[in-house]
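Written out below as structure tokens is the structure these notes cover.
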Number of protein chains: 2
Amino acid sequence: MSDGTHPGTETQTHRRIILAALHEFTQSGYKGCSTRAVAERAGVNEVTLFRHFGNKLELLRAAVEYSVGQMRAPADIESYFNLSLRDGLTKLITDYLLQLSSQSDILMLGFSESFSHPEVADVLRRFIWQFRTALIQYFEGQYAQKKMKEADFPVLAHMLLITIHSTPSVHKRAPEDVKIHLSDERVVKTLVDTVSLAYSLDEL
Amino acid sequence: MSDGTHPGTETQTHRRIILAALHEFTQSGYKGCSTRAVAERAGVNEVTLFRHFGNKLELLRAAVEYSVGQMRAPADIESYFNLSLRDGLTKLITDYLLQLSSQSDILMLGFSESFSHPEVADVLRRFIWQFRTALIQYFEGQYAQKKMKEADFPVLAHMLLITIHSTPSVHKRAPEDVKIHLSDERVVKTLVDTVSLAYSLDEL
DNA sequence: AACTTGCGTAAGCATGCACTTGCATTATAC
DNA sequence: GTATAATGCAAGTGCATGCTTACGCAAGTT
């Protein structure tokens, strides 16, 4: 019985295949790319790919797992509480953006592939949820400290999350003259400006 | 020479195939669904599908074209100018949402398929652009009327657009307890509240 | 009655692709 | 020096799928 002999999962080959898969999957979608293409990009024989991961779907799972493993949830929110609404928000968001920018590929994959592969989407949602919760907690904290007006915090958090997440993908597709308007800095600034102008009780 | 004889494009069959295609494409992606599946859903023989559209890609194009043809750009922005920032925005957004809700499928398709089929994405972008332009013009109009503070209007428009567009797709995937927080009404309200609280010179 | 149009049915071709098998090759370990 | 682990290479299998061909049938048109 030729049991699928899994080679050591720590080799360089393993990693290279995963990185290649991540690239191809996000570029053309799961169905849209072939294992051949992944192998080629990894500089590896196609057979090696199967020896490592068994089948294509398992490769997807491994790639997602790898990618998610790289992300770190936002540190404890308490540390943001001392700052003003404006500064705290800015820090929270930029910290989060730092995570995202390195993982924007997998997030986009998660969005486009979420129907055909709910498991994949779930993993991502779990991560995004952490930030959502952090945001809401942060708002409620600020509100309790009377540094912020009352508002529909879940929706507010949703708004921020969506904008932050979509910006990189919009960025990738947008024509050159629009990208200029969509630098991370400007988006974050406008986001924070708007929220603190609207709800801050510190300023003015 | 068996030239592809295009049957009349006004038949019921034609429409049913397009609707089926729209459904399947958005469900599983272009590569993810087969012409057989589309035909089956349309209650039509697969051959008929090819007789109408020649090939799969042409079907995609026809489906997108059909869908986009259903959308109407926002009416002339002038009519919103008389209203307050809050009321004008609300009207602009709800009007736009009306369009979107009937076309959310195709929009999601556009997003997920935009890399492999840029033409498709282009058509959609063109539509979205119209709203973006309308929004920016509206803001500038309000600003000129001194009914609104200065702001980064393009980014602000981007923020609104993104939130509006993403909400339906998030809605589809989100667990039940989150959907409650994401009714169109609440999202629009928070959006408008936030913007007008932040930038309106009418209120307070 | 003959022709056209729109569709169905059956069968099949060609290709791409996930996945397998068998064998040769290198390197490392013991 | 021999066993073992990790990879490459050549070839192939089986299935899904896009697309075609050839034929038949019903309804409307002329």
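Going through the structure tokens in order, the chains are called A, B, and so on, while each chain numbers its residues from 1 and the ligands are numbered from 1 in the order shown.
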
With the cut-off set at 10 Å and counting only C-alpha atoms (C1' of nucleotides), tabulate each residue of chain C with an atom at most that distance from an atom of chain A, showing the nearest atom pair and its distance in Å to one decimal, ordered by chain and increasing number, as a Markdown table.
| residue | atom | partner | partner_atom | distance |
| --- | --- | --- | --- | --- |
| C:DG16 | C1' | A:Ser34 | CA | 9.3 |
| C:DC17 | C1' | A:Ser34 | CA | 7.0 |
| C:DA18 | C1' | A:Lys56 | CA | 7.7 |
| C:DC19 | C1' | A:Asn55 | CA | 7.7 |
| C:DT20 | C1' | A:Val47 | CA | 9.3 |

Pull out every residue of chain D sitting within 10 Å of chain B, counting only C-alpha atoms (C1' of nucleotides), and send them as a VMD selection string.
chain D and resid 16 to 20

Please identify every residue of chain A that has at least one atom no more than 8 Å from any atom of chain B, counting only C-alpha atoms, and report them as a ChimeraX atom specification.
/A:27-28,31-32,111-112,115-116,151-152,154-156,159,162-163,166,173,181-182,186-187,190-191,194-199

Would you mind writing down, as a ChimeraX atom specification, each residue of region 84-161 of chain A that DSSP on the backbone assigns to alpha helix (DSSP H)?
/A:85-112,118-144,153-161

Show me, as a VMD selection string, the residues that have an atom within 12 Å of DA11 (chain C) when counting only C-alpha atoms (C1' of nucleotides), minus same-chain residues fewer than 4 positions from it.
chain D and resid 20 to 23

With C-alpha atoms (C1' of nucleotides) retained, write the just-selected residues as a PDB file, in the first residue's frame.
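In the end it all went to selection-v6.pdb:
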ATOM      1  C1'  DT D  20     -19.488  20.506 -32.512  1.00  0.00           C
ATOM      2  C1'  DT D  21     -22.158  17.677 -35.731  1.00  0.00           C
ATOM      3  C1'  DA D  22     -26.055  15.548 -37.488  1.00  0.00           C
ATOM      4  C1'  DC D  23     -30.722  14.666 -37.164  1.00  0.00           C
TER       5       DC D  23
END

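CA of Glu65 (chain B) to CA of Leu107 (chain A) spans 28.6 Å [interatomic distance, one decimal].
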
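One finds CA of Gly69 (chain B) at 16.9 Å from CA of Asp95 (chain B).
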
Smallest atom-to-atom distance to Ile128 (chain B): which of B:Tyr66, B:Phe81, B:Phe25, B:Tyr96, using only C-alpha atoms?
B:Tyr96

To one decimal in Å, tell me the separation between CA of Ala42 (chain A) and CA of Ser102 (chain A).
19.4 Å

Taking only C-alpha atoms into account, which of B:Leu124, B:Pro168, B:Asp87, B:Gln99 comes nearest Ala75 (chain B)?
B:Gln99

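Omitting Phe127 (chain B) and its sequence neighbours fewer than 3 positions away, and counting only C-alpha atoms (C1' of nucleotides), the residues within 9 Å are Val68, Met71, Arg72, Ala73, Asp122, Val123, Leu124, Gln130, Phe131 and Arg132 of chain B.
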
Any chance you could export the current selection's C-alpha atoms as a PDB file, in the first residue's frame?
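Final output, again.pdb:
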ATOM      1  CA  VAL B  68     -25.692  46.514 -16.292  1.00  0.00           C
ATOM      2  CA  MET B  71     -29.001  49.789 -13.739  1.00  0.00           C
ATOM      3  CA  ARG B  72     -29.716  53.473 -13.911  1.00  0.00           C
ATOM      4  CA  ALA B  73     -27.221  56.118 -13.004  1.00  0.00           C
ATOM      5  CA  ASP B 122     -14.628  47.524 -16.456  1.00  0.00           C
ATOM      6  CA  VAL B 123     -18.295  47.609 -17.219  1.00  0.00           C
ATOM      7  CA  LEU B 124     -19.104  47.574 -13.554  1.00  0.00           C
ATOM      8  CA  GLN B 130     -20.876  57.427 -11.997  1.00  0.00           C
ATOM      9  CA  PHE B 131     -21.989  57.257  -8.421  1.00  0.00           C
ATOM     10  CA  ARG B 132     -18.566  58.145  -7.178  1.00  0.00           C
TER      11      ARG B 132
END
